[in-house]
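For reference, the structure discussed in these notes is given below.
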Amino acid sequence: MISTTRKSFSARSQSGFTLIELITVIVILSIIATFGSGFVVSTLDAYSQTQDRSKLINRGRQAIEQITRRIRGATPNSIRITGNCLEFLPLASGGNYLNAVPDLNNGAPASNTISITPYSVDFGTARHVTIGADSAGDIYSGGSLATLDSFTATTLTLTGNKVWQRNAPTRRFYLTDTPESVCMTGANLLHQVVTPPLTSTGTPGGAGTLMAENVSSGTPFAIEAGTETRGAVVMIDLVFAEKDQQVPIRQEVFVRNVP
């Protein structure tokens, strides 16, 4: 009996696996491979999507940070929205003037000089001076803005005689550079130096530098107007897209300077 069993086992070992057994093994291995490869592919896809989303968030944050840095130092009440553009006057410097300037209330004769306390130009180039602006309209209409001809540490000289719309409550003046804008043009976010500068109406033009692409928004910019004691607040609402990923970024920027 024992001898017969040993012969049967020996015969089976020598003959190998049957065709059915091989097919069964192949089918099982195929099923395992299918599930295994699906898991690997889904894991790689998830990793790739996470990487793409991370890059997109970084790109969006960089663009928002560029906008924030530019408008945070804007001249008080110079920020306005025209279409999908946010326009503002970069602040070059500021200080106090000594005597009341001619305005619509005091009836003083027009003058092209302003006596000031000593100051220094800290940023950019001083090209214009603003006094007593309550809104962007006061600036872009020219009532609270004049073009500089020259300046010293104690005197501002304008290109022509000026009667201002009003005096500033604290007798503050601000020196500004050429207007700039951040615009959504199609799906691109552009930074522009505005040409022609200081027009009262119309969408700002000028050569644009690309800040971000594949950007969308229903209302990209909004402004909460400032007061005599508090600067304006700018709301930015943009959606950045790449492939099948979309990242909305919203930020409020407080403009520190007040008239």
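Each chain of the structure tokens is named A, B, ... in the order shown, its residues numbered from 1; ligands are numbered from 1 in display order.
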Per DSSP on the backbone, filter stretch 51-161 of chain A down to the residues in strand (DSSP E) and report them as a ChimeraX atom specification. /A:80-82,85-88,91-96,111-115,128-131,145-151,155-161
So which residues touch A:Tyr119 within 12 Å, counting only C-alpha atoms, skipping near sequence neighbours fewer than 6 positions away, as number ranges by chain? A: 92-97, 151-156, 172-175
Output the selection as a PDB file, in the first residue's frame - C-alpha atoms for each residue.
ATOM      1  CA  ALA A  92       7.136 107.985  -3.823  1.00  0.00           C
ATOM      2  CA  SER A  93       7.154 110.049  -0.649  1.00  0.00           C
ATOM      3  CA  GLY A  94       5.071 112.279   1.600  1.00  0.00           C
ATOM      4  CA  GLY A  95       5.242 114.978   4.230  1.00  0.00           C
ATOM      5  CA  ASN A  96       3.569 118.094   5.547  1.00  0.00           C
ATOM      6  CA  TYR A  97       3.189 121.504   3.930  1.00  0.00           C
ATOM      7  CA  PHE A 151      11.419 120.027  -5.887  1.00  0.00           C
ATOM      8  CA  THR A 152      13.840 120.533  -3.046  1.00  0.00           C
ATOM      9  CA  ALA A 153      13.771 119.432   0.578  1.00  0.00           C
ATOM     10  CA  THR A 154      11.691 122.505   1.485  1.00  0.00           C
ATOM     11  CA  THR A 155       9.832 123.569  -1.695  1.00  0.00           C
ATOM     12  CA  LEU A 156       7.671 121.878  -4.327  1.00  0.00           C
ATOM     13  CA  ARG A 172      -0.322 116.227   4.257  1.00  0.00           C
ATOM     14  CA  PHE A 173       1.037 116.050   0.713  1.00  0.00           C
ATOM     15  CA  TYR A 174       2.023 112.952  -1.240  1.00  0.00           C
ATOM     16  CA  LEU A 175       4.513 112.632  -4.089  1.00  0.00           C
TER      17      LEU A 175
END
Nearest-residue call for A:Ser135, choices A:Thr50, A:Ser78, A:Thr209, A:Thr18, using only C-alpha atoms: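 Closest to A:Ser135, using only C-alpha atoms: A:Ser78.
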For A:Pro196, please output as a ChimeraX atom specification all residues within 9 Å (counting only C-alpha atoms; exclusion window: fewer than 4 positions along the same chain). /A:204-206
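Using only C-alpha atoms, the shortest contact distance between A:Ser54 and any of A:Met235, A:Val247, A:Val129, A:Val255 is found at A:Val247.
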Pick from A:Thr159, A:Thr24, A:Ser48, A:Asn77: nearest to A:Glu224, with only C-alpha atoms counted?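 Once distances to A:Glu224 are computed over only C-alpha atoms, the minimum belongs to A:Asn77.
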Separation of atom CA of A:Leu86 from atom CA of A:Phe221 in Å: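 Atom CA of A:Phe221 sits 6.8 Å away from atom CA of A:Leu86.
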